[in-house]
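Worksheet for the structure shown next.
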Amino acid sequence: GPSSVFGGRRFGTLDSEERDCDQPSMRILCLHGFRQCALTFSEQCKDLEDALGGAVRPGFELEFLDAPFLFKETRAGRPEQRLWWLASDDGSEYRGWEESV
């Protein structure tokens, strides 16, 4: 899948296999929560990114991935909402977990 880098941030999907020749010295995987997306989570982590910039040697990169499943009730005009798995109504079955990990 496509991925792109904005400053020290990389956005992509779980099937992203594209890698730059010049690997950063440290990559930190950032996984969003329930019904979020990589872009929204990256905005929430801006303070963390700023703090790491002073504490980690140059070349670190935060990599934000989108979960594979789109939440069916995302409203128009709102950021995309994604899920790491699909739970059954009674919570006894979690489909897609293997695909996510």
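Letters A, B, ... mark the chains of the structure tokens in the order given; residue numbers begin at 1 per chain; ligand numbers begin at 1, in order shown.
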Any idea what's packed within 8 Å of Trp84 in chain A, counting only C-alpha atoms, ignoring anything in its chain fewer than 2 positions away? Could you give it as a ChimeraX atom specification?
/A:34,67-69,82,86,96-97,100
Would you mind writing down, as a PyMOL selection string, each residue of range 32-97 of chain A that DSSP on the backbone assigns to helix (DSSP H, G or I)?
chain A and resi 38-44+46-55+97
Might you pull out every residue within 9 Å of Thr40 in chain A, with only C-alpha atoms counted and same-chain residues fewer than 4 positions away left off, and present them as an MDAnalysis selection string?
chainID A and resid 32 36 44:45 79:80
For Ser42 in chain A, which residue among A:Phe71, A:Leu65, A:Ser25, A:Gly59 is the nearest when counting only C-alpha atoms?
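Ranked by minimum distance to Ser42 in chain A, first place goes to A:Leu65.
Minimum atom-to-atom distances from A:Arg35, A:Glu93, A:Ile28, A:Leu48 to Glu73 in chain A were compared using only C-alpha atoms, and the lowest value belongs to A:Arg35.
Across the model, the gap from CA of Val101 in chain A to CA of Glu63 in chain A is 15.7 Å.
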